[in-house]
Amino acid sequence: MTANGIVKKKLPCNTISNVIKCWQWDISPFIENVKQNGTKYAVVILNRPITQKQDFVKCLWNNATVRVTVDGGTTHWNNFYKSLANEDNKNIKLPDLITGDFDSITQDVLQEFKKKGCEAVHTPDQNFTDFTKALIELNNYNEQHKIEETRTFKRSWCSLVPVGECCDAVTTSGLKWNLNNQPLKFGSLVSTSNTFDRSELVKIKCSHTLLWSMRVPSLTEKQRKKQIDLLS
């Protein structure tokens, strides 16, 4: 699974100077299926099969502050929902928001969720992908996002991708290939194949919106590492 977050510059109201607000993520509770105590996060389901273990998905989904399905992702969520046992089916929460241009979802599925009380926002603008438009809609709900944990696992990776515009200046620490006040834009430099340097914390300072992606190790991989640590 890939955990995605928005790292962006915050411009508070009624201030003279620009202030950068820092959002902090600790990924380990998500991996271990530990309920978040006061931590806010959102889950966005895109148009691809849900292949994670049911218990992991249920916990991650139900404990989220906002739950969003994007176009055909709603169909995949519906398939997952119907695959659950009766008791789990009753306890799983519905999407808070369904977005997209609705060209990858049947009207039957869309109407079914709307009848259950889910908000549906049609975003037909073809200048952006459904994913980008979903992030824009999600920003209306609450503000997302510092990054901790998962850096010591083998085959860990991460990426920083500008969303909808060039990011004129990006400075990072904690990555194998750090950026020093460098621009990120398609056609020039996009950091899609980075990884961690095993620091305790990754810090990102940016002038414009960036999409952060990273590999989240499976529960089995984390449990196997714990067993190796105990033996060593």
# chains A, B, ... in the order shown; residues from 1 in each chain; ligands from 1
>>> residues_around(residues="A:Val109", least_positions_apart="6", cutoff="9 Å", atoms="only C-alpha atoms", output="PyMOL selection string")
chain A and resi 74-75+78
>>> write_last_selection(atoms="N, CA and C atoms", output="CSV table (one decimal), in the first residue's frame")
chain,number,residue,atom,x,y,z
A,74,THR,N,-14.9,3.8,-6.1
A,74,THR,CA,-16.1,3.5,-5.4
A,74,THR,C,-16.6,2.1,-5.7
A,75,THR,N,-16.5,1.7,-6.9
A,75,THR,CA,-16.9,0.3,-7.3
A,75,THR,C,-16.0,-0.7,-6.6
A,78,ASN,N,-17.1,-0.8,-3.1
A,78,ASN,CA,-18.3,-1.6,-3.0
A,78,ASN,C,-18.1,-3.1,-3.0
>>> residues_around(residues="stretch 168-184 of chain A", least_positions_apart="6", cutoff="6 Å", atoms="only C-alpha atoms", output="list in words")
Val190, Thr195, Phe196, Asp197, Ser199, Val202, Lys203, Ile204, Lys205, Cys206 and Ser207 of chain A
>>> write_last_selection(atoms="N, CA and C atoms", output="PDB file, in the first residue's frame")
ATOM      1  N   VAL A 190      11.819  15.700 -11.083  1.00  0.00           N
ATOM      2  CA  VAL A 190      10.746  15.182 -10.235  1.00  0.00           C
ATOM      3  C   VAL A 190      11.330  14.046  -9.408  1.00  0.00           C
ATOM      4  N   THR A 195      14.743   7.577  -1.437  1.00  0.00           N
ATOM      5  CA  THR A 195      14.620   6.677  -0.295  1.00  0.00           C
ATOM      6  C   THR A 195      15.139   7.405   0.935  1.00  0.00           C
ATOM      7  N   PHE A 196      15.230   6.705   2.073  1.00  0.00           N
ATOM      8  CA  PHE A 196      15.552   7.354   3.336  1.00  0.00           C
ATOM      9  C   PHE A 196      17.019   7.137   3.717  1.00  0.00           C
ATOM     10  N   ASP A 197      17.572   8.048   4.548  1.00  0.00           N
ATOM     11  CA  ASP A 197      18.957   7.888   4.993  1.00  0.00           C
ATOM     12  C   ASP A 197      19.044   7.366   6.416  1.00  0.00           C
ATOM     13  N   SER A 199      17.640   8.547   9.083  1.00  0.00           N
ATOM     14  CA  SER A 199      17.523   9.566  10.128  1.00  0.00           C
ATOM     15  C   SER A 199      16.239   9.338  10.919  1.00  0.00           C
ATOM     16  N   VAL A 202      12.155  12.880   8.728  1.00  0.00           N
ATOM     17  CA  VAL A 202      12.250  13.487   7.403  1.00  0.00           C
ATOM     18  C   VAL A 202      11.558  14.843   7.464  1.00  0.00           C
ATOM     19  N   LYS A 203      12.252  15.888   7.024  1.00  0.00           N
ATOM     20  CA  LYS A 203      11.669  17.223   7.018  1.00  0.00           C
ATOM     21  C   LYS A 203      11.602  17.738   5.586  1.00  0.00           C
ATOM     22  N   ILE A 204      10.508  18.384   5.261  1.00  0.00           N
ATOM     23  CA  ILE A 204      10.297  18.908   3.907  1.00  0.00           C
ATOM     24  C   ILE A 204       9.782  20.339   4.010  1.00  0.00           C
ATOM     25  N   LYS A 205      10.456  21.248   3.345  1.00  0.00           N
ATOM     26  CA  LYS A 205      10.024  22.637   3.263  1.00  0.00           C
ATOM     27  C   LYS A 205       9.786  22.950   1.799  1.00  0.00           C
ATOM     28  N   CYS A 206       8.600  23.429   1.463  1.00  0.00           N
ATOM     29  CA  CYS A 206       8.271  23.628   0.055  1.00  0.00           C
ATOM     30  C   CYS A 206       7.484  24.911  -0.149  1.00  0.00           C
ATOM     31  N   SER A 207       7.593  25.441  -1.356  1.00  0.00           N
ATOM     32  CA  SER A 207       6.914  26.693  -1.681  1.00  0.00           C
ATOM     33  C   SER A 207       5.515  26.475  -2.225  1.00  0.00           C
TER      34      SER A 207
END
>>> residues_around(residues="stretch 85-95 of chain A", least_positions_apart="4", cutoff="7 Å", atoms="only C-alpha atoms", output="list of chain:residue names")
A:Lys58, A:Asn62, A:Arg67, A:Val68, A:Thr69, A:Tyr81, A:Cys118
>>> atom_distance(atom1="atom CA of A:Ser193", atom2="atom CA of A:Thr209")
18.6 Å
>>> closest_atom_pairs(of="stretch 26-116 of chain A", to="stretch 128-138 of chain A", cutoff="12 Å", atoms="only C-alpha atoms", output="tab-separated table")
residue	atom	partner	partner_atom	distance
A:Tyr41	CA	A:Leu138	CA	10.9
A:Ala42	CA	A:Leu138	CA	8.3
A:Val43	CA	A:Leu138	CA	9.9
A:Val44	CA	A:Ala134	CA	8.2
A:Ile45	CA	A:Phe131	CA	9.4
A:Leu46	CA	A:Phe131	CA	7.3
A:Asn47	CA	A:Phe131	CA	9.4
A:Thr65	CA	A:Leu138	CA	11.0
A:Val66	CA	A:Leu138	CA	8.1
A:Arg67	CA	A:Leu138	CA	9.2
A:Val68	CA	A:Leu138	CA	7.9
A:Thr69	CA	A:Ala134	CA	8.5
A:Val70	CA	A:Ala134	CA	6.8
A:Asp71	CA	A:Asp130	CA	7.4
A:Gly72	CA	A:Asp130	CA	9.9
A:Gly73	CA	A:Phe131	CA	10.3
A:Asp96	CA	A:Leu138	CA	10.2
A:Leu97	CA	A:Leu138	CA	8.5
A:Ile98	CA	A:Ala134	CA	8.6
A:Thr99	CA	A:Ala134	CA	6.1
A:Gly100	CA	A:Asp130	CA	5.1
A:Asp101	CA	A:Asp130	CA	6.9
A:Phe102	CA	A:Asp130	CA	9.1
A:Asp103	CA	A:Asp130	CA	10.2
A:Ser104	CA	A:Asp130	CA	10.4
>>> select_by_dssp(residues="stretch 34-169 of chain A", states="strand (DSSP E)", output="mmCIF file with N, CA, C and O atoms, in the first residue's frame")
data_model
loop_
_atom_site.group_PDB
_atom_site.id
_atom_site.type_symbol
_atom_site.label_atom_id
_atom_site.label_comp_id
_atom_site.auth_asym_id
_atom_site.auth_seq_id
_atom_site.Cartn_x
_atom_site.Cartn_y
_atom_site.Cartn_z
ATOM 1 N N ALA A 42 -6.792 11.045 6.423
ATOM 2 C CA ALA A 42 -7.830 10.732 5.448
ATOM 3 C C ALA A 42 -7.424 9.517 4.629
ATOM 4 O O ALA A 42 -6.234 9.264 4.421
ATOM 5 N N VAL A 43 -8.392 8.762 4.165
ATOM 6 C CA VAL A 43 -8.162 7.629 3.266
ATOM 7 C C VAL A 43 -8.839 7.925 1.937
ATOM 8 O O VAL A 43 -10.013 8.297 1.903
ATOM 9 N N VAL A 44 -8.083 7.779 0.853
ATOM 10 C CA VAL A 44 -8.615 8.000 -0.493
ATOM 11 C C VAL A 44 -8.471 6.706 -1.279
ATOM 12 O O VAL A 44 -7.368 6.186 -1.444
ATOM 13 N N ILE A 45 -9.583 6.158 -1.754
ATOM 14 C CA ILE A 45 -9.587 4.921 -2.539
ATOM 15 C C ILE A 45 -9.645 5.272 -4.015
ATOM 16 O O ILE A 45 -10.617 5.875 -4.489
ATOM 17 N N VAL A 66 -11.659 11.373 7.484
ATOM 18 C CA VAL A 66 -12.431 11.533 6.251
ATOM 19 C C VAL A 66 -12.161 10.335 5.354
ATOM 20 O O VAL A 66 -11.009 9.908 5.192
ATOM 21 N N ARG A 67 -13.209 9.790 4.751
ATOM 22 C CA ARG A 67 -13.105 8.630 3.863
ATOM 23 C C ARG A 67 -13.633 9.024 2.481
ATOM 24 O O ARG A 67 -14.784 9.454 2.365
ATOM 25 N N VAL A 68 -12.772 8.887 1.458
ATOM 26 C CA VAL A 68 -13.119 9.336 0.109
ATOM 27 C C VAL A 68 -12.913 8.196 -0.883
ATOM 28 O O VAL A 68 -11.893 7.496 -0.838
ATOM 29 N N THR A 69 -13.874 8.010 -1.785
ATOM 30 C CA THR A 69 -13.683 7.094 -2.912
ATOM 31 C C THR A 69 -13.747 7.909 -4.197
ATOM 32 O O THR A 69 -14.565 8.814 -4.323
ATOM 33 N N VAL A 70 -12.859 7.586 -5.126
ATOM 34 C CA VAL A 70 -12.729 8.378 -6.350
ATOM 35 C C VAL A 70 -13.218 7.571 -7.548
ATOM 36 O O VAL A 70 -12.627 6.542 -7.894
ATOM 37 N N LEU A 97 -17.334 10.992 1.140
ATOM 38 C CA LEU A 97 -17.351 11.745 -0.109
ATOM 39 C C LEU A 97 -17.013 10.833 -1.278
ATOM 40 O O LEU A 97 -16.098 10.007 -1.204
ATOM 41 N N ILE A 98 -17.766 10.967 -2.355
ATOM 42 C CA ILE A 98 -17.484 10.283 -3.619
ATOM 43 C C ILE A 98 -17.254 11.363 -4.670
ATOM 44 O O ILE A 98 -18.084 12.248 -4.849
ATOM 45 N N THR A 99 -16.098 11.323 -5.352
ATOM 46 C CA THR A 99 -15.783 12.356 -6.338
ATOM 47 C C THR A 99 -15.381 11.720 -7.666
ATOM 48 O O THR A 99 -15.205 10.515 -7.775
ATOM 49 N N GLY A 100 -15.208 12.575 -8.666
ATOM 50 C CA GLY A 100 -14.743 12.125 -9.976
ATOM 51 C C GLY A 100 -15.625 12.646 -11.089
ATOM 52 O O GLY A 100 -16.657 13.292 -10.845
ATOM 53 N N GLU A 119 -22.146 11.813 0.344
ATOM 54 C CA GLU A 119 -22.085 13.005 -0.491
ATOM 55 C C GLU A 119 -21.349 12.688 -1.786
ATOM 56 O O GLU A 119 -20.282 12.065 -1.776
ATOM 57 N N ALA A 120 -21.895 13.082 -2.907
ATOM 58 C CA ALA A 120 -21.269 12.868 -4.209
ATOM 59 C C ALA A 120 -21.013 14.217 -4.860
ATOM 60 O O ALA A 120 -21.933 15.022 -5.009
ATOM 61 N N VAL A 121 -19.755 14.462 -5.235
ATOM 62 C CA VAL A 121 -19.377 15.718 -5.876
ATOM 63 C C VAL A 121 -18.839 15.419 -7.261
ATOM 64 O O VAL A 121 -17.789 14.785 -7.412
ATOM 65 N N HIS A 122 -19.572 15.843 -8.281
ATOM 66 C CA HIS A 122 -19.158 15.632 -9.666
ATOM 67 C C HIS A 122 -18.065 16.635 -10.015
ATOM 68 O O HIS A 122 -18.257 17.856 -9.870
ATOM 69 N N ILE A 147 7.287 13.195 8.672
ATOM 70 C CA ILE A 147 7.147 11.776 8.380
ATOM 71 C C ILE A 147 8.059 10.946 9.282
ATOM 72 O O ILE A 147 9.248 11.210 9.368
ATOM 73 N N GLU A 148 7.473 9.975 9.958
ATOM 74 C CA GLU A 148 8.239 9.127 10.848
ATOM 75 C C GLU A 148 8.007 7.653 10.504
ATOM 76 O O GLU A 148 7.029 7.300 9.875
ATOM 77 N N CYS A 158 10.396 6.483 -1.451
ATOM 78 C CA CYS A 158 9.512 7.623 -1.274
ATOM 79 C C CYS A 158 9.638 8.530 -2.487
ATOM 80 O O CYS A 158 10.574 8.407 -3.283
ATOM 81 N N SER A 159 8.700 9.441 -2.646
ATOM 82 C CA SER A 159 8.749 10.353 -3.786
ATOM 83 C C SER A 159 8.076 11.667 -3.424
ATOM 84 O O SER A 159 7.216 11.727 -2.543
ATOM 85 N N LEU A 160 8.503 12.715 -4.110
ATOM 86 C CA LEU A 160 7.905 14.042 -3.991
ATOM 87 C C LEU A 160 7.543 14.505 -5.389
ATOM 88 O O LEU A 160 8.415 14.668 -6.240
ATOM 89 N N VAL A 161 6.263 14.724 -5.624
ATOM 90 C CA VAL A 161 5.786 15.062 -6.968
ATOM 91 C C VAL A 161 4.961 16.344 -6.911
ATOM 92 O O VAL A 161 4.021 16.442 -6.109
ATOM 93 N N PRO A 162 5.279 17.334 -7.726
ATOM 94 C CA PRO A 162 4.458 18.555 -7.764
ATOM 95 C C PRO A 162 3.076 18.243 -8.318
ATOM 96 O O PRO A 162 2.936 17.488 -9.275
ATOM 97 N N CYS A 167 6.703 23.420 -8.246
ATOM 98 C CA CYS A 167 7.081 23.800 -6.886
ATOM 99 C C CYS A 167 8.447 24.482 -6.986
ATOM 100 O O CYS A 167 9.450 23.832 -7.264
ATOM 101 N N ASP A 168 8.472 25.784 -6.792
ATOM 102 C CA ASP A 168 9.670 26.564 -7.094
ATOM 103 C C ASP A 168 10.852 26.263 -6.195
ATOM 104 O O ASP A 168 12.007 26.387 -6.633
ATOM 105 N N ALA A 169 10.617 25.889 -4.944
ATOM 106 C CA ALA A 169 11.726 25.665 -4.015
ATOM 107 C C ALA A 169 11.378 24.554 -3.037
ATOM 108 O O ALA A 169 10.371 24.634 -2.326
#
>>> atom_distance(atom1="atom CA of A:Ser188", atom2="atom CA of A:Pro124")
28.8 Å
>>> atom_distance(atom1="atom CA of A:Arg48", atom2="atom CA of A:Val163")
20.4 Å
